[in-house]
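These notes concern the structure reproduced below.
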2 protein chains.
Amino acid sequence: MDVLELDYGQFQTVYNILSFALAAMIATTVFLLAANTRVLPRYRQAVIVSAIVTLIAAYHYWRIFNSFEGAYVAVGAGDPLAEGQTIMDLSYRLVAGEGFNEGYRYVDWILTVPLLLFEAIAVLALAPAIRKGLMLKLIPAAILMIALGYPGEIATDTMAKAIWGALSTIPFLYILYVLFAELSKSMRTQPEQVRKDLNGLRWLLLATWGVYPISYMFPMFGIDGPDAFVWRQVGYSVADVLAKCWFGLLIYKIAREKSRYDSEQFAADEFKEAPSSQNAQ
Amino acid sequence: MDVLELDYGQFQTVYNILSFALAAMIATTVFLLAANTRVLPRYRQAVIVSAIVTLIAAYHYWRIFNSFEGAYVAVGAGDPLAEGQTIMDLSYRLVAGEGFNEGYRYVDWILTVPLLLFEAIAVLALAPAIRKGLMLKLIPAAILMIALGYPGEIATDTMAKAIWGALSTIPFLYILYVLFAELSKSMRTQPEQVRKDLNGLRWLLLATWGVYPISYMFPMFGIDGPDAFVWRQVGYSVADVLAKCWFGLLIYKIAREKSRYDSEQFAADEFKEAPSSQNAQ
């Protein structure tokens with residue numbers, strides 16, 4: 001539920017974290033689009049899809065930022081400020097407009113979470129049958145996970161929240177099973193560094209996706225009001241930046257390593273010490 | 001006709017579905033532009049035109065979204081909200097401004113529908129004489145179909161609506177005839193997977209284009225008022241996403257398959273299991 005009043009520091013914290021997330025999404029999108037030709041053709045799909053994920057998130061953070069800015073109005077001080085007043089005297093009250101629209105987060109997730117799993121599988125460049133099998137398990141599970149979470153997010157009743165939350169956890173656990181058990185079989189013969197990075201990718205996913213259910217459960221434990229609202233926004237934003245930007249950059253790193261391993265020409269062009277740097281001690 | 005009042009849930013549904021369609025159009029545009037070099041040169045025209053279609057639609061959804069947001073004002077609650085009120089108490093009333101401009105949809109369609117048919121033919125890379133013949137039949141018919149639909153859309157008289165709707169159906173049926181009867185002759189020698197995808201493309205077109213006349217006919221059957229308005233917006237938006245984004249991605253998939261079939265080098269670079277992934281079982 002929307003919070004009726006925020007003090008100056010609370011308002012500024014949410015405002016700045018949303019702006020930070022927007023900047024990170026835009027920067028990662030442009031980087032990945034510019035850099036996608038720096039991997040072998042078979043890995044470009046994964047890098048381009050990583051850019052599309054951060055692009056979709058950038059769009060939604062822009063909307064979320066505008067929605068937050070428009071949802072509150074400064075009160076408690078004259079306009080312009082009177083002698084002796086500072087902006088710290090302001091507080092921010094919810095206006096009767098559209099409210100702060102959290103629906104954007106779910107629209108974002110239902111588009112981006114399946115794509116995140118898609119890029120993680122695509123970058124492995126597995127045999128088509130294995131790739132298709134993994135996608136057919138992971139992507140429907142991801143859509144189900146988000147779709148089952150939404151009714152709980154907007155529910156005001158604790159029991160309804162708990163039931164939808166529990167239902168949404170089932171596909172989440174299934175995704176973890178596929179990633180940690182089934183995917184391991186396909187990782188045995190990957191080059192050493194790729195295996196390490198893939199492992200990092202899985203743990204990053206587990207750690208960041210874990211933030212969402214924690215934020216989701218805040219109201220169930222009576223953690224509510226302005227501070228909980230601020231922490232939830234900070235938690236969602238930081239988790240989004242790690243799960244999308246950091247994740248996308250890891251995908252790019254794996255694509256680079258696999259390209260180096262697959263092609264001697266690529267390794268020579270991209271990884272050999274430059275003649276202009278040789279014997280530089 | 002414009003609806004005078006929407007409740008909170010109705011307003012939010014239209015708001016979020018328009019935002020979702022806009023996000024999907026932007027994401028597909030950037031993806032197709034970034035990915036167009038991942039098909040052989042002869043198929044790039046089709047992929048670029050697919051991106052232009054979603055770009056034009058993104059522009060119009062941005063306009064439609066802003067027009068909808070500006071057409072309604074929140075009423076029924078204090079501003080700022082009083083103690084005990086929530087944004088669920090709000091309703092939204094039409095303001096005396098420009099109204100919600102549905103004309104954007106027709107401007108969009110008259111530009112994008114001929115281009116959609118263009119990309120479907122272009123991706124086949126047929127002999128020039130056959131391609132030109134198909135284009136000369138499909139494109140004028142598409143323009144005629146949209147142009148004849150518009151007077152009926154804005155008409156308040158049921159008889160006028162029915163007449164313009166019937167006139168618009170004639171070129172629609174002709175397009176279906178060309179796609180399902182004439183085009184089949186040119187499909188016999190395409191590779192198996194391409195034939196399957198082309199068939200999917202035709203049925204996607206038939207299924208999604210079918211939504212528009214249904215939405216169009218709502219008012220003729222007395223289905224009117226806020227709920228009908230909301231469903232019409234949802235129907236148009238979902239149909240647009242399928243008919244433009246999904247359609248464009250299918251064009252891209254067909255272009256990839258035809259490239260793979262046409263060039264051994266392309267197939268090896270793009271489709272062969274990577275050396276760094278081999279023996280992964």
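If you're wondering about the labels, chains in the structure tokens are A, B, ... by order shown, residues count from 1 in each chain, ligands from 1 in order shown.
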Polymer residues at most 9 Å from stretch 24-31 of chain B, only C-alpha atoms, same-chain spacing of 4 or more positions, as a ChimeraX atom specification: /A:48-49,51-53,55-56,59,111 /B:19-20,35-36,48,50-59,61,241,244-246,248-249
Please tabulate, as a tab-separated table, the residues of stretch 50-146 of chain A that come within 8 Å of stretch 270-274 of chain B, each with its closest pair of atoms and the distance in Å to one decimal, counting only C-alpha atoms and ordering rows by chain, then residue number upward.
```
residue	atom	partner	partner_atom	distance
A:Ala125	CA	B:Ala274	CA	5.8
A:Leu126	CA	B:Glu273	CA	5.7
A:Ala127	CA	B:Glu273	CA	5.2
A:Pro128	CA	B:Glu273	CA	7.7
```
Write out as an NGL selection string every residue belonging to chain A that has an atom at most 8 Å from any atom of chain B, counting only C-alpha atoms. :A and (2 or 4 or 33 or 41-42 or 45 or 48-49 or 52 or 55-56 or 59-60 or 73 or 93-99 or 103-104 or 107 or 124-128 or 185-191 or 258 or 261-262)
Give chain A as an mmCIF file with C-alpha atoms, in the first residue's frame once it has been least-squares superposed onto chain B over every C-alpha atom, paired in order.
```
data_model
loop_
_atom_site.group_PDB
_atom_site.id
_atom_site.type_symbol
_atom_site.label_atom_id
_atom_site.label_comp_id
_atom_site.auth_asym_id
_atom_site.auth_seq_id
_atom_site.Cartn_x
_atom_site.Cartn_y
_atom_site.Cartn_z
ATOM 1 C CA MET A 1 -16.970 7.593 -27.999
ATOM 2 C CA ASP A 2 -15.050 8.633 -24.965
ATOM 3 C CA VAL A 3 -16.123 7.250 -21.648
ATOM 4 C CA LEU A 4 -17.011 9.926 -19.094
ATOM 5 C CA GLU A 5 -15.909 8.113 -15.949
ATOM 6 C CA LEU A 6 -13.643 5.179 -15.072
ATOM 7 C CA ASP A 7 -13.187 3.628 -11.636
ATOM 8 C CA TYR A 8 -9.736 3.119 -10.157
ATOM 9 C CA GLY A 9 -9.261 -0.448 -11.414
ATOM 10 C CA GLN A 10 -10.466 0.386 -14.929
ATOM 11 C CA PHE A 11 -8.162 3.373 -15.202
ATOM 12 C CA GLN A 12 -5.175 1.376 -13.935
ATOM 13 C CA THR A 13 -5.859 -1.518 -16.324
ATOM 14 C CA VAL A 14 -5.818 0.710 -19.400
ATOM 15 C CA TYR A 15 -2.818 2.660 -18.080
ATOM 16 C CA ASN A 16 -0.784 -0.500 -17.496
ATOM 17 C CA ILE A 17 -1.691 -2.273 -20.724
ATOM 18 C CA LEU A 18 -0.727 0.804 -22.755
ATOM 19 C CA SER A 19 2.600 0.992 -20.910
ATOM 20 C CA PHE A 20 3.175 -2.742 -21.499
ATOM 21 C CA ALA A 21 2.563 -2.348 -25.237
ATOM 22 C CA LEU A 22 4.951 0.645 -25.383
ATOM 23 C CA ALA A 23 7.703 -1.317 -23.588
ATOM 24 C CA ALA A 24 7.243 -4.308 -25.910
ATOM 25 C CA MET A 25 7.453 -2.115 -29.023
ATOM 26 C CA ILE A 26 10.643 -0.344 -27.873
ATOM 27 C CA ALA A 27 12.329 -3.611 -26.873
ATOM 28 C CA THR A 28 11.484 -5.348 -30.164
ATOM 29 C CA THR A 29 12.686 -2.354 -32.197
ATOM 30 C CA VAL A 30 16.099 -2.305 -30.548
ATOM 31 C CA PHE A 31 16.451 -6.092 -30.704
ATOM 32 C CA LEU A 32 15.664 -6.278 -34.424
ATOM 33 C CA LEU A 33 17.950 -3.333 -35.283
ATOM 34 C CA ALA A 34 20.821 -4.886 -33.319
ATOM 35 C CA ALA A 35 20.191 -8.354 -34.785
ATOM 36 C CA ASN A 36 19.606 -7.493 -38.451
ATOM 37 C CA THR A 37 23.233 -8.195 -39.402
ATOM 38 C CA ARG A 38 22.820 -11.757 -38.091
ATOM 39 C CA VAL A 39 21.032 -12.815 -41.280
ATOM 40 C CA LEU A 40 22.371 -12.905 -44.854
ATOM 41 C CA PRO A 41 22.266 -9.516 -46.679
ATOM 42 C CA ARG A 42 19.281 -10.471 -48.835
ATOM 43 C CA TYR A 43 17.091 -10.921 -45.717
ATOM 44 C CA ARG A 44 18.091 -7.727 -43.902
ATOM 45 C CA GLN A 45 15.484 -5.544 -45.588
ATOM 46 C CA ALA A 46 12.725 -7.686 -44.025
ATOM 47 C CA VAL A 47 14.276 -7.492 -40.544
ATOM 48 C CA ILE A 48 14.906 -3.716 -40.742
ATOM 49 C CA VAL A 49 11.331 -3.092 -41.902
ATOM 50 C CA SER A 50 10.085 -5.229 -38.983
ATOM 51 C CA ALA A 51 12.013 -2.893 -36.664
ATOM 52 C CA ILE A 52 10.526 0.177 -38.355
ATOM 53 C CA VAL A 53 7.017 -1.225 -37.803
ATOM 54 C CA THR A 54 7.572 -1.600 -34.054
ATOM 55 C CA LEU A 55 9.303 1.812 -33.965
ATOM 56 C CA ILE A 56 6.270 3.511 -35.542
ATOM 57 C CA ALA A 57 4.030 1.613 -33.108
ATOM 58 C CA ALA A 58 6.253 2.654 -30.170
ATOM 59 C CA TYR A 59 5.857 6.302 -31.185
ATOM 60 C CA HIS A 60 2.080 5.945 -31.344
ATOM 61 C CA TYR A 61 1.804 4.036 -28.057
ATOM 62 C CA TRP A 62 3.790 6.808 -26.407
ATOM 63 C CA ARG A 63 1.279 9.328 -27.814
ATOM 64 C CA ILE A 64 -1.718 7.138 -26.915
ATOM 65 C CA PHE A 65 -0.394 6.678 -23.367
ATOM 66 C CA ASN A 66 0.123 10.437 -22.898
ATOM 67 C CA SER A 67 -3.245 11.180 -24.448
ATOM 68 C CA PHE A 68 -4.996 8.748 -22.087
ATOM 69 C CA GLU A 69 -3.154 10.077 -19.041
ATOM 70 C CA GLY A 70 -4.031 13.674 -19.941
ATOM 71 C CA ALA A 71 -7.657 12.938 -20.793
ATOM 72 C CA TYR A 72 -8.761 11.962 -17.265
ATOM 73 C CA VAL A 73 -8.499 13.650 -13.909
ATOM 74 C CA ALA A 74 -8.775 11.936 -10.515
ATOM 75 C CA VAL A 75 -11.824 12.994 -8.514
ATOM 76 C CA GLY A 76 -13.669 11.807 -5.419
ATOM 77 C CA ALA A 77 -10.913 12.168 -2.849
ATOM 78 C CA GLY A 78 -9.122 15.012 -1.173
ATOM 79 C CA ASP A 79 -5.725 16.067 -2.419
ATOM 80 C CA PRO A 80 -3.637 15.067 -0.525
ATOM 81 C CA LEU A 81 -5.715 12.085 0.576
ATOM 82 C CA ALA A 82 -7.541 12.547 3.868
ATOM 83 C CA GLU A 83 -7.111 10.188 6.829
ATOM 84 C CA GLY A 84 -8.871 6.888 6.064
ATOM 85 C CA GLN A 85 -9.061 7.438 2.291
ATOM 86 C CA THR A 86 -7.205 5.186 -0.115
ATOM 87 C CA ILE A 87 -6.463 5.620 -3.777
ATOM 88 C CA MET A 88 -9.120 2.984 -4.406
ATOM 89 C CA ASP A 89 -11.672 5.694 -3.557
ATOM 90 C CA LEU A 90 -10.636 7.674 -6.602
ATOM 91 C CA SER A 91 -12.437 7.699 -9.856
ATOM 92 C CA TYR A 92 -11.306 9.289 -13.090
ATOM 93 C CA ARG A 93 -13.363 11.753 -15.101
ATOM 94 C CA LEU A 94 -12.833 12.938 -18.663
ATOM 95 C CA VAL A 95 -11.487 16.497 -18.745
ATOM 96 C CA ALA A 96 -12.257 19.108 -21.361
ATOM 97 C CA GLY A 97 -8.918 18.923 -23.057
ATOM 98 C CA GLU A 98 -8.105 17.086 -26.211
ATOM 99 C CA GLY A 99 -9.957 13.947 -25.156
ATOM 100 C CA PHE A 100 -8.499 10.472 -25.548
ATOM 101 C CA ASN A 101 -7.250 10.433 -29.143
ATOM 102 C CA GLU A 102 -7.964 7.081 -30.835
ATOM 103 C CA GLY A 103 -7.016 8.597 -34.190
ATOM 104 C CA TYR A 104 -3.431 7.606 -33.363
ATOM 105 C CA ARG A 105 -4.348 3.935 -33.777
ATOM 106 C CA TYR A 106 -5.527 4.480 -37.336
ATOM 107 C CA VAL A 107 -2.534 6.659 -38.251
ATOM 108 C CA ASP A 108 -0.393 3.825 -36.868
ATOM 109 C CA TRP A 109 -2.222 1.081 -38.762
ATOM 110 C CA ILE A 110 -2.232 2.866 -42.105
ATOM 111 C CA LEU A 111 1.567 3.100 -41.852
ATOM 112 C CA THR A 112 2.336 -0.287 -40.270
ATOM 113 C CA VAL A 113 -0.128 -2.770 -41.801
ATOM 114 C CA PRO A 114 1.205 -2.349 -45.381
ATOM 115 C CA LEU A 115 4.743 -2.628 -43.950
ATOM 116 C CA LEU A 116 3.841 -5.873 -42.111
ATOM 117 C CA LEU A 117 2.746 -7.439 -45.394
ATOM 118 C CA PHE A 118 5.877 -6.028 -47.054
ATOM 119 C CA GLU A 119 8.160 -7.732 -44.507
ATOM 120 C CA ALA A 120 6.294 -11.045 -44.833
ATOM 121 C CA ILE A 121 6.908 -11.081 -48.600
ATOM 122 C CA ALA A 122 10.426 -9.600 -48.426
ATOM 123 C CA VAL A 123 11.689 -12.352 -46.110
ATOM 124 C CA LEU A 124 10.865 -15.006 -48.715
ATOM 125 C CA ALA A 125 13.455 -13.516 -51.163
ATOM 126 C CA LEU A 126 11.379 -14.693 -54.128
ATOM 127 C CA ALA A 127 12.139 -13.999 -57.775
ATOM 128 C CA PRO A 128 11.605 -10.225 -58.347
ATOM 129 C CA ALA A 129 8.580 -10.653 -60.654
ATOM 130 C CA ILE A 130 6.698 -12.864 -58.167
ATOM 131 C CA ARG A 131 7.593 -10.578 -55.262
ATOM 132 C CA LYS A 132 6.407 -7.461 -57.063
ATOM 133 C CA GLY A 133 3.166 -9.164 -58.069
ATOM 134 C CA LEU A 134 2.369 -10.122 -54.469
ATOM 135 C CA MET A 135 3.265 -6.649 -53.125
ATOM 136 C CA LEU A 136 1.084 -4.918 -55.718
ATOM 137 C CA LYS A 137 -1.874 -6.987 -54.552
ATOM 138 C CA LEU A 138 -1.339 -6.902 -50.795
ATOM 139 C CA ILE A 139 -0.232 -3.337 -50.080
ATOM 140 C CA PRO A 140 -3.043 -1.384 -51.817
ATOM 141 C CA ALA A 141 -5.556 -3.807 -50.252
ATOM 142 C CA ALA A 142 -4.110 -3.135 -46.786
ATOM 143 C CA ILE A 143 -4.310 0.649 -47.217
ATOM 144 C CA LEU A 144 -7.890 0.351 -48.469
ATOM 145 C CA MET A 145 -8.840 -1.874 -45.519
ATOM 146 C CA ILE A 146 -7.645 0.679 -42.919
ATOM 147 C CA ALA A 147 -8.947 3.749 -44.780
ATOM 148 C CA LEU A 148 -12.439 2.226 -45.075
ATOM 149 C CA GLY A 149 -12.461 1.240 -41.398
ATOM 150 C CA TYR A 150 -11.814 4.741 -40.040
ATOM 151 C CA PRO A 151 -15.118 6.461 -41.015
ATOM 152 C CA GLY A 152 -16.927 3.554 -39.316
ATOM 153 C CA GLU A 153 -14.805 3.805 -36.164
ATOM 154 C CA ILE A 154 -15.698 7.469 -35.623
ATOM 155 C CA ALA A 155 -19.346 7.092 -36.745
ATOM 156 C CA THR A 156 -21.913 7.156 -33.966
ATOM 157 C CA ASP A 157 -24.651 5.742 -36.196
ATOM 158 C CA THR A 158 -24.890 1.914 -36.136
ATOM 159 C CA MET A 159 -25.910 1.631 -39.792
ATOM 160 C CA ALA A 160 -22.934 3.755 -40.958
ATOM 161 C CA LYS A 161 -20.646 1.626 -38.775
ATOM 162 C CA ALA A 162 -22.023 -1.557 -40.353
ATOM 163 C CA ILE A 163 -21.636 -0.297 -43.924
ATOM 164 C CA TRP A 164 -18.045 0.946 -43.502
ATOM 165 C CA GLY A 165 -17.215 -2.234 -41.582
ATOM 166 C CA ALA A 166 -18.562 -4.394 -44.414
ATOM 167 C CA LEU A 167 -16.669 -2.353 -47.044
ATOM 168 C CA SER A 168 -13.450 -2.690 -45.052
ATOM 169 C CA THR A 169 -13.959 -6.477 -44.841
ATOM 170 C CA ILE A 170 -13.720 -6.880 -48.638
ATOM 171 C CA PRO A 171 -9.998 -5.993 -48.919
ATOM 172 C CA PHE A 172 -9.386 -7.986 -45.694
ATOM 173 C CA LEU A 173 -10.822 -11.141 -47.309
ATOM 174 C CA TYR A 174 -8.824 -10.445 -50.461
ATOM 175 C CA ILE A 175 -5.605 -10.244 -48.383
ATOM 176 C CA LEU A 176 -6.445 -13.600 -46.789
ATOM 177 C CA TYR A 177 -7.090 -15.095 -50.234
ATOM 178 C CA VAL A 178 -3.692 -13.900 -51.517
ATOM 179 C CA LEU A 179 -1.880 -15.125 -48.402
ATOM 180 C CA PHE A 180 -3.589 -18.521 -48.133
ATOM 181 C CA ALA A 181 -4.179 -19.408 -51.801
ATOM 182 C CA GLU A 182 -1.671 -17.554 -54.003
ATOM 183 C CA LEU A 183 1.244 -17.539 -51.600
ATOM 184 C CA SER A 184 1.021 -21.321 -51.122
ATOM 185 C CA LYS A 185 2.282 -21.810 -54.675
ATOM 186 C CA SER A 186 5.512 -20.002 -53.765
ATOM 187 C CA MET A 187 5.931 -22.024 -50.591
ATOM 188 C CA ARG A 188 6.134 -25.525 -52.053
ATOM 189 C CA THR A 189 9.896 -25.555 -52.481
ATOM 190 C CA GLN A 190 10.844 -23.648 -49.348
ATOM 191 C CA PRO A 191 12.720 -25.708 -46.757
ATOM 192 C CA GLU A 192 10.509 -27.704 -44.383
ATOM 193 C CA GLN A 193 11.063 -25.525 -41.274
ATOM 194 C CA VAL A 194 10.516 -22.306 -43.290
ATOM 195 C CA ARG A 195 7.195 -23.670 -44.588
ATOM 196 C CA LYS A 196 6.100 -24.435 -41.040
ATOM 197 C CA ASP A 197 7.034 -20.976 -39.787
ATOM 198 C CA LEU A 198 5.371 -19.284 -42.746
ATOM 199 C CA ASN A 199 2.227 -21.164 -41.959
ATOM 200 C CA GLY A 200 2.469 -20.030 -38.339
ATOM 201 C CA LEU A 201 2.940 -16.460 -39.590
ATOM 202 C CA ARG A 202 -0.271 -16.596 -41.624
ATOM 203 C CA TRP A 203 -2.323 -17.985 -38.759
ATOM 204 C CA LEU A 204 -0.869 -15.447 -36.341
ATOM 205 C CA LEU A 205 -1.923 -12.735 -38.760
ATOM 206 C CA LEU A 206 -5.433 -14.144 -39.105
ATOM 207 C CA ALA A 207 -5.865 -14.609 -35.344
ATOM 208 C CA THR A 208 -4.580 -11.177 -34.329
ATOM 209 C CA TRP A 209 -6.227 -9.213 -37.146
ATOM 210 C CA GLY A 210 -9.489 -10.872 -36.124
ATOM 211 C CA VAL A 211 -9.380 -8.972 -32.815
ATOM 212 C CA TYR A 212 -9.722 -5.576 -34.509
ATOM 213 C CA PRO A 213 -13.133 -6.123 -36.160
ATOM 214 C CA ILE A 214 -14.442 -7.666 -32.914
ATOM 215 C CA SER A 215 -13.415 -4.563 -30.934
ATOM 216 C CA TYR A 216 -14.792 -2.416 -33.742
ATOM 217 C CA MET A 217 -18.209 -4.096 -33.521
ATOM 218 C CA PHE A 218 -18.598 -3.760 -29.711
ATOM 219 C CA PRO A 219 -20.669 -0.543 -29.928
ATOM 220 C CA MET A 220 -22.881 -2.028 -32.687
ATOM 221 C CA PHE A 221 -24.090 -4.717 -30.294
ATOM 222 C CA GLY A 222 -24.722 -2.197 -27.558
ATOM 223 C CA ILE A 223 -21.598 -3.271 -25.692
ATOM 224 C CA ASP A 224 -20.612 0.146 -24.462
ATOM 225 C CA GLY A 225 -19.606 2.027 -21.351
ATOM 226 C CA PRO A 226 -16.495 1.799 -19.204
ATOM 227 C CA ASP A 227 -16.025 -1.996 -19.235
ATOM 228 C CA ALA A 228 -16.332 -2.236 -23.009
ATOM 229 C CA PHE A 229 -13.864 0.667 -23.300
ATOM 230 C CA VAL A 230 -11.352 -1.125 -21.078
ATOM 231 C CA TRP A 231 -11.710 -4.415 -22.955
ATOM 232 C CA ARG A 232 -11.338 -2.662 -26.282
ATOM 233 C CA GLN A 233 -8.076 -1.046 -25.163
ATOM 234 C CA VAL A 234 -6.785 -4.367 -23.809
ATOM 235 C CA GLY A 235 -7.819 -6.172 -27.019
ATOM 236 C CA TYR A 236 -6.209 -3.627 -29.335
ATOM 237 C CA SER A 237 -2.996 -3.526 -27.277
ATOM 238 C CA VAL A 238 -2.540 -7.306 -26.998
ATOM 239 C CA ALA A 239 -3.376 -7.735 -30.696
ATOM 240 C CA ASP A 240 -0.834 -5.025 -31.595
ATOM 241 C CA VAL A 241 1.916 -6.674 -29.552
ATOM 242 C CA LEU A 242 1.255 -10.070 -31.172
ATOM 243 C CA ALA A 243 0.766 -8.701 -34.701
ATOM 244 C CA LYS A 244 3.890 -6.518 -34.587
ATOM 245 C CA CYS A 245 6.414 -7.808 -32.008
ATOM 246 C CA TRP A 246 5.679 -11.536 -32.234
ATOM 247 C CA PHE A 247 5.239 -11.241 -36.006
ATOM 248 C CA GLY A 248 8.560 -9.365 -36.360
ATOM 249 C CA LEU A 249 10.395 -11.973 -34.285
ATOM 250 C CA LEU A 250 8.917 -14.732 -36.470
ATOM 251 C CA ILE A 251 10.180 -12.864 -39.558
ATOM 252 C CA TYR A 252 13.628 -12.797 -37.957
ATOM 253 C CA LYS A 253 13.439 -16.562 -37.230
ATOM 254 C CA ILE A 254 12.492 -17.302 -40.852
ATOM 255 C CA ALA A 255 15.352 -15.080 -42.085
ATOM 256 C CA ARG A 256 17.764 -17.020 -39.876
ATOM 257 C CA GLU A 257 16.519 -20.394 -41.166
ATOM 258 C CA LYS A 258 16.725 -19.334 -44.785
ATOM 259 C CA SER A 259 20.230 -17.913 -44.225
ATOM 260 C CA ARG A 260 21.310 -21.253 -42.724
ATOM 261 C CA TYR A 261 19.904 -23.124 -45.691
ATOM 262 C CA ASP A 262 21.425 -20.760 -48.298
ATOM 263 C CA SER A 263 24.996 -20.547 -47.013
ATOM 264 C CA GLU A 264 27.209 -23.283 -45.577
ATOM 265 C CA GLN A 265 29.525 -20.662 -44.142
ATOM 266 C CA PHE A 266 26.636 -18.995 -42.295
ATOM 267 C CA ALA A 267 25.395 -22.374 -41.011
ATOM 268 C CA ALA A 268 28.861 -23.238 -39.697
ATOM 269 C CA ASP A 269 29.401 -19.817 -38.067
ATOM 270 C CA GLU A 270 25.992 -19.526 -36.493
ATOM 271 C CA PHE A 271 24.547 -22.983 -35.928
ATOM 272 C CA LYS A 272 27.371 -25.483 -35.366
ATOM 273 C CA GLU A 273 28.029 -26.529 -31.811
ATOM 274 C CA ALA A 274 30.871 -24.409 -30.456
ATOM 275 C CA PRO A 275 34.270 -26.125 -29.863
ATOM 276 C CA SER A 276 34.131 -24.799 -26.303
ATOM 277 C CA SER A 277 30.891 -26.723 -25.758
ATOM 278 C CA GLN A 278 31.816 -30.040 -27.356
ATOM 279 C CA ASN A 279 31.516 -33.311 -25.481
ATOM 280 C CA ALA A 280 29.753 -31.419 -22.751
ATOM 281 C CA GLN A 281 27.451 -34.063 -21.314
#
```
Identify, with DSSP run on backbone atoms, the residues in stretch 70-256 of chain A assigned to strand (DSSP E or B), and express the list as an MDAnalysis selection string. chainID A and resid 72:75 91:94
What residues in stretch 63-255 of chain A get the DSSP label helix (DSSP H, G or I)? Please answer as a ChimeraX atom specification. /A:63-71,87-89,103-122,128-154,158-187,192-209,211-221,225-255
